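Novice: Coordinates in protein.txt, compact mmCIF, C-alpha atoms (C1' of nucleotides), are listed below.
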# COMPACT_ATOMS: atom_id res chain seq x y z
CA MET A 1 101.87 32.52 123.10
CA LYS A 2 104.19 30.97 120.59
CA LEU A 3 101.43 29.11 118.78
CA PHE A 4 99.81 32.38 117.82
CA GLU A 5 103.01 33.83 116.41
CA LEU A 6 103.55 30.75 114.29
CA ILE A 7 100.06 30.72 112.85
CA ASP A 8 100.16 34.45 112.39
CA ARG A 9 103.40 34.33 110.46
CA LEU A 10 102.20 31.36 108.44
CA GLY A 11 99.10 33.28 107.47
CA LEU A 12 101.20 36.24 106.44
CA LEU A 13 103.39 34.14 104.18
CA LEU A 14 100.45 32.37 102.58
CA ARG A 15 98.72 35.66 102.01
CA SER A 16 101.68 37.21 100.31
CA SER A 17 102.11 34.05 98.27
CA ASP A 18 98.43 34.34 97.35
CA ARG A 19 98.97 37.95 96.43
CA ARG A 20 101.62 37.02 93.92
CA SER A 21 99.67 34.23 92.28
CA ALA A 22 96.52 36.35 92.23
CA ALA A 23 98.44 39.15 90.54
CA ARG A 24 99.35 36.79 87.71
CA HIS A 25 95.64 36.73 86.87
CA GLY A 26 94.98 40.37 87.64
CA LEU A 27 93.22 39.53 90.90
CA GLN A 28 93.46 40.14 94.66
CA PRO A 29 93.95 37.47 97.35
CA ILE A 30 90.31 37.68 98.39
CA HIS A 31 89.25 36.64 94.89
CA LEU A 32 91.19 33.41 95.15
CA GLN A 33 89.56 32.73 98.51
CA ALA A 34 86.14 33.25 97.00
CA LEU A 35 86.88 30.95 94.07
CA ARG A 36 88.26 28.31 96.44
CA PHE A 37 85.12 28.38 98.50
CA LEU A 38 82.72 28.32 95.58
CA ALA A 39 84.62 25.45 94.00
CA GLN A 40 83.71 23.39 97.06
CA ALA A 41 80.31 24.79 98.02
CA ASN A 42 77.14 22.72 97.78
CA ARG A 43 73.77 23.92 96.50
CA TYR A 44 72.88 25.56 99.81
CA SER A 45 76.16 27.45 99.92
CA ASP A 46 76.94 28.71 96.44
CA THR A 47 75.32 32.08 97.09
CA PRO A 48 76.59 35.58 97.95
CA VAL A 49 75.46 35.28 101.60
CA ALA A 50 77.40 32.08 102.09
CA VAL A 51 80.51 33.67 100.59
CA THR A 52 79.95 36.65 102.87
CA GLU A 53 79.85 34.47 105.96
CA TYR A 54 82.74 32.27 104.89
CA LEU A 55 85.05 35.18 104.13
CA GLY A 56 83.98 37.11 107.22
CA LEU A 57 82.99 40.25 105.31
CA THR A 58 79.87 42.34 105.09
CA LYS A 59 77.42 41.47 102.36
CA GLY A 60 78.05 44.74 100.56
CA THR A 61 81.76 44.04 100.28
CA ALA A 62 81.20 40.46 99.20
CA SER A 63 78.71 41.61 96.58
CA GLN A 64 81.29 43.92 95.05
CA THR A 65 83.94 41.23 95.02
CA LEU A 66 81.60 38.75 93.35
CA LEU A 67 80.46 41.32 90.83
CA LEU A 68 84.04 41.84 89.78
CA LEU A 69 84.60 38.09 89.42
CA ARG A 70 81.53 37.91 87.21
CA LYS A 71 82.70 40.85 85.15
CA LYS A 72 86.03 39.09 84.62
CA GLY A 73 84.15 36.01 83.44
CA LEU A 74 85.33 33.73 86.25
CA LEU A 75 81.89 33.27 87.77
CA SER A 76 78.42 32.88 86.31
CA ALA A 77 75.19 33.46 88.19
CA SER A 78 71.76 31.89 87.95
CA PRO A 79 68.60 32.69 89.88
CA ASP A 80 67.16 30.16 92.29
CA ALA A 81 64.14 28.30 90.93
CA ASP A 82 62.12 28.49 94.15
CA ASP A 83 63.36 31.59 95.94
CA GLY A 84 63.52 34.77 93.91
CA ARG A 85 65.91 36.40 96.37
CA LYS A 86 68.67 33.86 95.93
CA THR A 87 71.41 33.70 93.34
CA HIS A 88 73.55 30.66 92.68
CA LEU A 89 77.14 31.11 91.58
CA GLN A 90 79.21 28.73 89.48
CA LEU A 91 82.82 28.80 88.38
CA THR A 92 83.12 29.18 84.64
CA ALA A 93 85.73 27.22 82.70
CA ALA A 94 88.03 30.23 83.06
CA GLY A 95 87.29 30.35 86.78
CA ARG A 96 88.19 26.70 87.18
CA ARG A 97 91.45 27.30 85.34
CA VAL A 98 92.40 30.13 87.70
CA HIS A 99 91.39 28.05 90.69
CA LYS A 100 93.47 25.08 89.60
CA ASP A 101 96.44 27.30 88.91
CA THR A 102 96.41 28.89 92.37
CA SER A 103 95.14 26.26 94.84
CA PRO A 104 96.97 25.12 96.74
CA PRO A 105 99.90 27.49 96.41
CA ALA A 106 102.92 25.60 95.12
CA PRO A 107 105.25 26.69 97.94
CA LEU A 108 103.05 25.16 100.61
CA LEU A 109 102.80 21.93 98.67
CA ALA A 110 106.58 21.73 98.60
CA ALA A 111 106.85 22.62 102.27
CA ALA A 112 104.40 19.90 103.32
CA LYS A 113 106.48 17.31 101.47
CA GLY A 114 109.36 17.77 103.86
CA LEU A 115 107.13 17.13 106.83
CA GLY A 116 106.28 13.46 106.54
CA SER A 117 102.91 12.50 107.99
CA THR A 118 100.53 15.39 108.49
CA ALA A 119 97.78 13.39 110.17
CA GLU A 120 98.17 14.64 113.73
CA LEU A 121 98.94 18.14 112.56
CA GLU A 122 95.64 18.13 110.71
CA ARG A 123 93.81 16.81 113.74
CA ASP A 124 95.18 19.57 115.95
CA LEU A 125 94.38 22.29 113.45
CA GLU A 126 90.87 20.93 113.09
CA GLY A 127 90.34 21.22 116.83
CA LEU A 128 91.61 24.76 116.82
CA LEU A 129 89.38 25.61 113.90
CA ARG A 130 86.26 24.23 115.55
CA GLU A 131 86.83 26.35 118.65
CA LEU A 132 87.56 29.46 116.65
CA GLN A 133 84.52 29.32 114.44
CA ARG A 134 82.28 28.64 117.38
CA ASP A 135 83.38 32.05 118.58
CA ASN A 136 83.35 33.71 115.20
CA ASP A 137 79.89 33.37 113.73
CA GLY A 138 78.79 29.90 114.67
CA ARG A 139 79.07 28.51 111.18
CA SER A 140 81.55 25.70 110.67
CA PHE A 141 81.16 25.22 106.90
CA GLY A 142 81.96 21.56 107.29
CA ILE A 143 81.64 18.77 104.77
CA CYS A 144 78.08 17.64 104.11
CA HIS A 145 78.42 13.97 105.02
CA THR A 146 79.96 14.81 108.43
CA CYS A 147 76.89 16.82 109.41
CA ARG A 148 74.32 16.15 112.09
CA HIS A 149 71.58 16.38 109.47
CA PHE A 150 73.14 13.98 107.00
CA GLN A 151 71.08 10.83 106.46
CA THR A 152 71.32 7.72 104.33
CA GLN A 153 68.13 6.90 102.47
CA GLY A 154 68.15 3.39 101.09
CA ALA A 155 70.93 3.39 98.54
CA GLY A 156 71.02 7.21 98.47
CA TYR A 157 71.48 10.14 100.80
CA GLN A 158 69.42 13.04 102.00
CA CYS A 159 69.61 16.18 104.10
CA GLY A 160 67.52 15.94 107.25
CA LEU A 161 67.24 19.70 107.49
CA THR A 162 65.72 20.36 104.08
CA GLY A 163 64.44 16.84 103.43
CA GLU A 164 65.95 16.91 99.97
CA PRO A 165 67.80 13.96 98.42
CA LEU A 166 71.52 14.47 97.79
CA ARG A 167 73.53 13.24 94.86
CA ARG A 168 76.72 11.28 95.44
CA VAL A 169 78.97 14.16 94.36
CA GLU A 170 77.27 16.59 96.71
CA ILE A 171 78.04 14.88 99.98
CA ASP A 172 81.72 15.85 99.89
CA LEU A 173 81.03 19.57 99.46
CA LEU A 174 81.01 22.34 102.04
CA CYS A 175 77.71 23.41 103.54
CA ARG A 176 76.67 26.63 105.17
CA GLU A 177 74.16 24.79 107.38
CA HIS A 178 76.69 22.25 108.59
CA GLU A 179 76.51 21.28 112.26
CA GLU A 180 78.75 18.96 114.25
CA PRO A 181 77.06 15.68 115.15
CA VAL A 182 75.85 15.55 118.74
CA SER A 183 78.59 13.95 120.82
CA GLY A 184 78.02 10.40 121.97
CA SER A 185 76.70 9.04 118.69
CA MET B 186 95.46 18.76 100.14
CA LYS B 187 93.53 18.94 103.37
CA LEU B 188 96.35 20.62 105.27
CA PHE B 189 96.14 23.61 102.98
CA GLU B 190 92.42 24.02 103.43
CA LEU B 191 92.79 23.95 107.20
CA ILE B 192 95.53 26.54 107.32
CA ASP B 193 93.75 28.63 104.74
CA ARG B 194 90.53 28.67 106.73
CA LEU B 195 92.41 29.30 109.95
CA GLY B 196 94.10 32.30 108.37
CA LEU B 197 90.75 33.61 107.18
CA LEU B 198 89.22 33.39 110.65
CA LEU B 199 92.20 35.03 112.31
CA ARG B 200 92.18 37.77 109.75
CA SER B 201 88.53 38.55 110.25
CA SER B 202 89.06 38.43 114.00
CA ASP B 203 91.94 40.85 113.51
CA ARG B 204 89.72 43.06 111.43
CA ARG B 205 87.25 43.38 114.24
CA SER B 206 89.78 44.14 116.93
CA ALA B 207 91.62 46.55 114.63
CA ALA B 208 88.37 48.36 113.94
CA ARG B 209 87.93 48.99 117.65
CA HIS B 210 91.03 51.19 117.38
CA GLY B 211 90.22 52.65 113.98
CA LEU B 212 92.85 50.50 112.26
CA GLN B 213 93.23 47.83 109.58
CA PRO B 214 94.54 44.28 110.11
CA ILE B 215 97.86 45.14 108.53
CA HIS B 216 98.45 47.78 111.19
CA LEU B 217 98.18 45.20 113.94
CA GLN B 218 100.65 43.00 112.08
CA ALA B 219 103.09 45.87 111.82
CA LEU B 220 102.76 46.69 115.53
CA ARG B 221 103.22 43.04 116.44
CA PHE B 222 106.39 42.82 114.44
CA LEU B 223 107.88 46.06 115.72
CA ALA B 224 107.09 45.08 119.30
CA GLN B 225 109.46 42.15 118.82
CA ALA B 226 112.04 43.54 116.43
CA ASN B 227 115.64 44.10 117.48
CA ARG B 228 117.79 47.11 116.58
CA TYR B 229 118.62 45.73 113.12
CA SER B 230 114.97 45.13 112.32
CA ASP B 231 112.97 48.09 113.63
CA THR B 232 113.09 49.89 110.29
CA PRO B 233 110.67 50.35 107.37
CA VAL B 234 112.61 47.91 105.15
CA ALA B 235 112.39 45.17 107.74
CA VAL B 236 108.65 45.73 108.10
CA THR B 237 108.39 45.66 104.31
CA GLU B 238 110.09 42.28 104.11
CA TYR B 239 108.25 40.81 107.07
CA LEU B 240 104.82 41.80 105.81
CA GLY B 241 105.62 40.81 102.23
CA LEU B 242 104.72 44.19 100.75
CA THR B 243 106.50 46.71 98.57
CA LYS B 244 108.39 49.43 100.33
CA GLY B 245 106.04 52.11 99.05
CA THR B 246 103.04 50.39 100.59
CA ALA B 247 104.82 49.75 103.87
CA SER B 248 105.93 53.36 104.00
CA GLN B 249 102.33 54.55 103.75
CA THR B 250 101.15 52.14 106.41
CA LEU B 251 103.88 53.24 108.80
CA LEU B 252 103.22 56.89 108.10
CA LEU B 253 99.62 56.41 109.13
CA LEU B 254 100.67 54.65 112.34
CA ARG B 255 102.95 57.57 113.11
CA LYS B 256 100.21 60.06 112.37
CA LYS B 257 97.93 58.19 114.78
CA GLY B 258 100.63 58.43 117.45
CA LEU B 259 101.19 54.68 117.76
CA LEU B 260 104.74 54.77 116.42
CA SER B 261 107.62 57.19 116.86
CA ALA B 262 110.63 57.41 114.55
CA SER B 263 114.23 58.34 115.19
CA PRO B 264 117.10 58.60 112.70
CA ASP B 265 120.00 56.16 112.89
CA ALA B 266 123.12 57.61 114.49
CA ASP B 267 125.54 56.11 111.97
CA ASP B 268 123.54 55.71 108.77
CA GLY B 269 121.59 58.73 107.58
CA ARG B 270 119.36 56.60 105.37
CA LYS B 271 117.92 54.51 108.16
CA THR B 272 115.00 55.24 110.45
CA HIS B 273 114.26 53.35 113.65
CA LEU B 274 110.68 52.86 114.75
CA GLN B 275 109.42 52.43 118.30
CA LEU B 276 105.97 51.77 119.71
CA THR B 277 104.72 54.69 121.74
CA ALA B 278 102.82 54.12 124.98
CA ALA B 279 99.61 54.29 122.97
CA GLY B 280 101.05 51.82 120.47
CA ARG B 281 101.92 49.37 123.22
CA ARG B 282 98.40 49.66 124.59
CA VAL B 283 96.88 48.80 121.22
CA HIS B 284 99.32 45.94 120.78
CA LYS B 285 98.53 44.48 124.18
CA ASP B 286 94.83 44.78 123.56
CA THR B 287 94.94 42.91 120.25
CA SER B 288 97.73 40.31 120.49
CA PRO B 289 97.07 37.52 120.63
CA PRO B 290 93.41 37.66 119.64
CA ALA B 291 91.29 36.45 122.52
CA PRO B 292 89.39 33.81 120.52
CA LEU B 293 92.58 31.99 119.59
CA LEU B 294 93.75 32.03 123.17
CA ALA B 295 90.52 30.38 124.22
CA ALA B 296 90.71 27.87 121.39
CA ALA B 297 94.23 26.83 122.30
CA LYS B 298 93.13 26.11 125.87
CA GLY B 299 90.95 23.26 124.72
CA LEU B 300 93.83 21.64 122.90
CA GLY B 301 96.09 20.44 125.70
CA SER B 302 99.77 20.33 124.80
CA THR B 303 100.73 22.35 121.77
CA ALA B 304 104.38 21.27 121.69
CA GLU B 305 104.29 18.97 118.68
CA LEU B 306 101.85 21.21 116.87
CA GLU B 307 104.32 24.04 117.25
CA ARG B 308 107.17 21.87 116.05
CA ASP B 309 105.27 20.91 112.90
CA LEU B 310 104.25 24.47 112.15
CA GLU B 311 107.82 25.62 112.63
CA GLY B 312 109.01 23.11 110.05
CA LEU B 313 106.37 24.26 107.62
CA LEU B 314 107.32 27.86 108.22
CA ARG B 315 110.99 27.26 107.60
CA GLU B 316 110.26 25.67 104.25
CA LEU B 317 107.86 28.38 103.23
CA GLN B 318 110.09 31.31 104.00
CA ARG B 319 112.99 29.69 102.24
CA ASP B 320 110.84 29.93 99.13
CA ASN B 321 109.42 33.34 99.89
CA ASP B 322 112.27 35.77 100.28
CA GLY B 323 114.93 33.88 102.15
CA ARG B 324 114.51 35.79 105.40
CA SER B 325 113.41 33.77 108.41
CA PHE B 326 113.13 36.62 110.95
CA GLY B 327 114.10 34.21 113.71
CA ILE B 328 114.98 34.95 117.30
CA CYS B 329 118.45 36.43 117.78
CA HIS B 330 119.91 33.83 120.11
CA THR B 331 118.96 30.97 117.76
CA CYS B 332 121.01 32.50 114.95
CA ARG B 333 124.15 31.25 113.29
CA HIS B 334 125.88 34.53 114.10
CA PHE B 335 124.98 34.61 117.77
CA GLN B 336 128.03 34.40 120.05
CA THR B 337 128.66 34.43 123.77
CA GLN B 338 131.39 36.85 124.85
CA GLY B 339 132.54 36.24 128.38
CA ALA B 340 129.52 36.98 130.51
CA GLY B 341 127.81 38.84 127.62
CA TYR B 342 126.66 38.23 124.07
CA GLN B 343 127.51 39.59 120.66
CA CYS B 344 126.47 39.39 117.03
CA GLY B 345 129.11 37.76 114.86
CA LEU B 346 127.81 39.49 111.78
CA THR B 347 128.11 43.07 112.99
CA GLY B 348 130.60 42.44 115.80
CA GLU B 349 128.43 44.49 118.16
CA PRO B 350 127.74 43.47 121.76
CA LEU B 351 124.13 42.58 122.58
CA ARG B 352 122.22 43.37 125.72
CA ARG B 353 120.40 40.64 127.58
CA VAL B 354 116.96 41.86 126.52
CA GLU B 355 117.92 41.96 122.86
CA ILE B 356 118.71 38.30 122.37
CA ASP B 357 115.06 37.25 122.48
CA LEU B 358 113.98 39.65 119.75
CA LEU B 359 113.38 39.00 116.06
CA CYS B 360 116.16 39.79 113.62
CA ARG B 361 116.06 40.52 109.93
CA GLU B 362 119.54 39.03 109.46
CA HIS B 363 118.68 35.80 111.24
CA GLU B 364 120.08 32.60 109.72
CA GLU B 365 119.56 29.02 110.82
CA PRO B 366 122.63 27.47 112.40
CA VAL B 367 124.58 25.18 110.08
CA SER B 368 123.32 21.64 110.66
CA GLY B 369 125.58 19.27 112.54
CA SER B 370 126.52 21.65 115.32
C1' DT C 371 47.50 42.25 104.32
C1' DT C 372 50.78 44.10 106.90
C1' DC C 373 54.96 43.31 109.21
C1' DT C 374 59.41 41.56 109.44
C1' DA C 375 63.35 38.94 108.01
C1' DT C 376 66.37 37.71 104.34
C1' DC C 377 68.91 38.35 99.89
C1' DG C 378 71.17 41.16 96.99
C1' DT C 379 72.88 45.71 94.93
C1' DA C 380 74.48 50.71 94.86
C1' DT C 381 77.14 54.47 96.63
C1' DC C 382 80.54 56.83 99.55
C1' DG C 383 84.87 57.65 101.95
C1' DA C 384 89.05 55.77 104.13
C1' DC C 385 92.49 52.81 103.26
C1' DT C 386 95.59 49.04 100.97
C1' DC C 387 98.44 47.92 97.41
C1' DG C 388 101.69 47.79 93.32
C1' DA C 389 103.94 50.66 89.97
C1' DT C 390 106.59 54.33 89.06
C1' DA C 391 109.32 58.07 89.95
C1' DC C 392 112.06 60.63 92.94
C1' DT C 393 115.54 62.17 96.78
C1' DA C 394 119.10 61.23 100.00
C1' DT C 395 122.75 58.65 101.90
C1' DC C 396 126.21 55.13 101.92
C1' DA C 397 129.74 52.00 99.68
C1' DT C 398 132.81 50.87 95.93
C1' DT C 399 135.68 51.65 92.38
C1' DC C 400 138.43 54.20 89.49
C1' DG D 401 138.19 62.90 95.22
C1' DA D 402 134.67 61.90 91.71
C1' DA D 403 131.69 58.81 89.35
C1' DT D 404 128.83 54.77 89.93
C1' DG D 405 125.76 51.80 91.94
C1' DA D 406 123.24 49.99 95.88
C1' DT D 407 120.18 50.89 99.73
C1' DA D 408 116.57 53.51 102.55
C1' DG D 409 112.75 56.05 102.44
C1' DT D 410 108.94 59.14 100.49
C1' DA D 411 105.33 60.90 97.07
C1' DT D 412 101.77 60.17 93.78
C1' DC D 413 98.41 57.60 90.98
C1' DG D 414 94.79 54.30 89.86
C1' DA D 415 92.39 49.96 90.91
C1' DG D 416 90.37 47.62 94.33
C1' DT D 417 88.91 46.23 99.38
C1' DC D 418 86.13 47.25 103.04
C1' DG D 419 82.43 48.91 106.35
C1' DA D 420 78.48 51.87 106.66
C1' DT D 421 74.39 53.19 104.99
C1' DA D 422 70.63 53.12 102.17
C1' DC D 423 67.72 50.89 99.08
C1' DG D 424 64.73 47.44 96.44
C1' DA D 425 62.88 42.87 95.96
C1' DT D 426 61.17 38.54 97.60
C1' DA D 427 59.60 35.37 101.18
C1' DG D 428 57.25 34.03 105.35
C1' DA D 429 54.48 34.88 109.40
C1' DA D 430 51.03 37.28 112.04
How would this structure read if it were set down as structure tokens?
Specialist:
Amino acid sequence: MKLFELIDRLGLLLRSSDRRSAARHGLQPIHLQALRFLAQANRYSDTPVAVTEYLGLTKGTASQTLLLLRKKGLLSASPDADDGRKTHLQLTAAGRRVHKDTSPPAPLLAAAKGLGSTAELERDLEGLLRELQRDNDGRSFGICHTCRHFQTQGAGYQCGLTGEPLRRVEIDLLCREHEEPVSGS
Amino acid sequence: MKLFELIDRLGLLLRSSDRRSAARHGLQPIHLQALRFLAQANRYSDTPVAVTEYLGLTKGTASQTLLLLRKKGLLSASPDADDGRKTHLQLTAAGRRVHKDTSPPAPLLAAAKGLGSTAELERDLEGLLRELQRDNDGRSFGICHTCRHFQTQGAGYQCGLTGEPLRRVEIDLLCREHEEPVSGS
DNA sequence: TTCTATCGTATCGACTCGATACTATCATTC
DNA sequence: GAATGATAGTATCGAGTCGATACGATAGAA
């Protein structure tokens, strides 16, 4: 199972690279992961539960991590207008600075340069990812406009699941409710 | 930088999968990583320093992790015959059982099945890996017989760096001193 | 209204992790 | 041989992750 060893080792290297860049900001690797996700999450996915699912933690652990990020001033929180249980999280200016400084890690960027085209590599990894997350928790966290529920509405867009209209900038973000289109469309 | 996001997410899923299977044995993900490495490490690499470098930790942290694995009876340690500073680590029968049960993680195995040939994927990942570890700490931890110092000696093998003869089973193991062959050979 | 599911926080104990300090052994140099 | 420096490993400390458990608050359904 050579493929596993390669991915495993790659993950190890990226993690230790993350550890170093996180340390520059007084953070842990998991904090960078959380910031990366929230920087790309749409309005249905910028909440503690979504972070919990994405990072594969329990909600208690995720809550602690997010609390620390808020305390450090990298995240701000605002209550949902309609649902009193929900909290929406946004990167502050400081949070965006940290995110920009650490994503993607410079070493990987350099490494990819020496590889030429990455198109088929990306296709293969995508396939692997889809299979894995089917097993994991069922959530794919895909990009909004590639979703089964994504609809065009005249000149605009809307989500078929919630019925809400979507702004242009939202359709490229990650969504917790994302589902692969039914095959054969 | 789509490639980064894919690898990042893949690493996250594997890690959380590791976390679950580690928990079944009362362990943390890092313990599985250590066992995986030691199960493949040759006689120059089955020591705490090698684990330290491979996992990208500090030696203090690695020492603690290994101590716990010894306390749990998954690793045994024996002093080096020639160098009083060195300690060699071996998986015990219990350690091998845990390793077999958790490597590779079942979900990945299943995911790879639906992918067909993984040859070019592996080639690409290997290239990426080589670049990354050049940046990281310089050590590639490659397989003995692919090393610049690997030599055949009559019917046997030997390491050109230490001058020691190598047994057949050793030449497929990972080595801390591994160096890519000089190009053009 | 009651029941249940969901969202989020608080607390506890085991463990990771880096930093620092320390011991012991080997290698080099004088 | 003795001093010096490099290498291998351990011990301890504080901050933080992490799962488990418990809890409170809101929402939705029966």
Novice: I need the residue nearest chain C from this list: A:Gly95, A:Gly160, A:Pro104, A:Pro48. Use all atoms listed in the file for the distance.
Specialist: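 Using all atoms listed in the file, chain C sits closest to A:Pro48.
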Novice: Please measure the separation of atom CA of Leu89 of chain A and atom CA of Leu75 of chain A, giving the value in Å to one decimal.
Specialist: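 That distance, rounded to one decimal, is 6.5 Å.
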Novice: Quick one, how far is atom CA of Arg134 of chain A from atom CA of Leu220 of chain B?
Specialist: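 According to the coordinates, atom CA of Arg134 of chain A and atom CA of Leu220 of chain B are separated by 27.4 Å.
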Novice: Could the residues of chain C within 10 Å of chain B, counting only C-alpha atoms (C1' of nucleotides), be given as a VMD selection string, please?
Specialist: chain C and resid 385 to 389 394 to 396
Novice: Enter the distance from atom CA of Thr52 of chain A to atom CA of Leu14 of chain A, in Å, rounded to one decimal.
Specialist: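 Between these atoms lies a distance of 20.9 Å.
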Novice: Which one is closest to Asp265 of chain B: B:Ala279, B:Arg333, B:Glu238, B:Tyr229? Count all atoms listed in the file.
Specialist: B:Tyr229
Novice: Pull out every residue of chain A that has at least one atom within 6 Å of chain B, counting only C-alpha atoms, and report them as a ChimeraX atom specification.
Specialist: /A:11,16,56,111,128,131-132
Novice: For DC392 of chain C, which residue among D:DA425, D:DA411, D:DA403, D:DC418 is the nearest when counting all atoms listed in the file?
Specialist: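 Nearest to DC392 of chain C: D:DA411.
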Novice: Write down, as a PDB file with C-alpha atoms (C1' of nucleotides), in the frame of the given file, each residue of chain D that has any atom within 10 Å of an atom of chain A, counting all atoms listed in the file.
Specialist:
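Dumped to part-v6.pdb:
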ATOM      1  C1'  DG D 416      90.370  47.620  94.330  1.00  0.00           C
ATOM      2  C1'  DT D 417      88.910  46.230  99.380  1.00  0.00           C
ATOM      3  C1'  DC D 418      86.130  47.250 103.040  1.00  0.00           C
ATOM      4  C1'  DG D 419      82.430  48.910 106.350  1.00  0.00           C
ATOM      5  C1'  DA D 420      78.480  51.870 106.660  1.00  0.00           C
ATOM      6  C1'  DA D 425      62.880  42.870  95.960  1.00  0.00           C
ATOM      7  C1'  DT D 426      61.170  38.540  97.600  1.00  0.00           C
ATOM      8  C1'  DA D 427      59.600  35.370 101.180  1.00  0.00           C
TER       9       DA D 427
END
Novice: Neighbours of Leu259 of chain B within 10 Å (only C-alpha atoms (C1' of nucleotides); same-chain residues fewer than 3 positions away dropped), as a ChimeraX atom specification?
Specialist: /B:216,220,251,253-256,275-284
Novice: Could you give me, as a PyMOL selection string, the residues within 9 Å of Glu177 of chain A, counting all atoms listed in the file and dropping anything in the same chain fewer than 2 positions from it?
Specialist: chain A and resi 44-45+139-142+144+147+161+175+179
Novice: Put a box with edges along x, y and z around all the listed atoms of segment 104-107 of chain A, pad it by 8 Å on each side, then give me its centre and sizes in Å, one decimal, as AutoDock Vina command-line options.
Specialist:
--center_x 101.1 --center_y 26.3 --center_z 96.5 --size_x 24.3 --size_y 18.4 --size_z 18.8
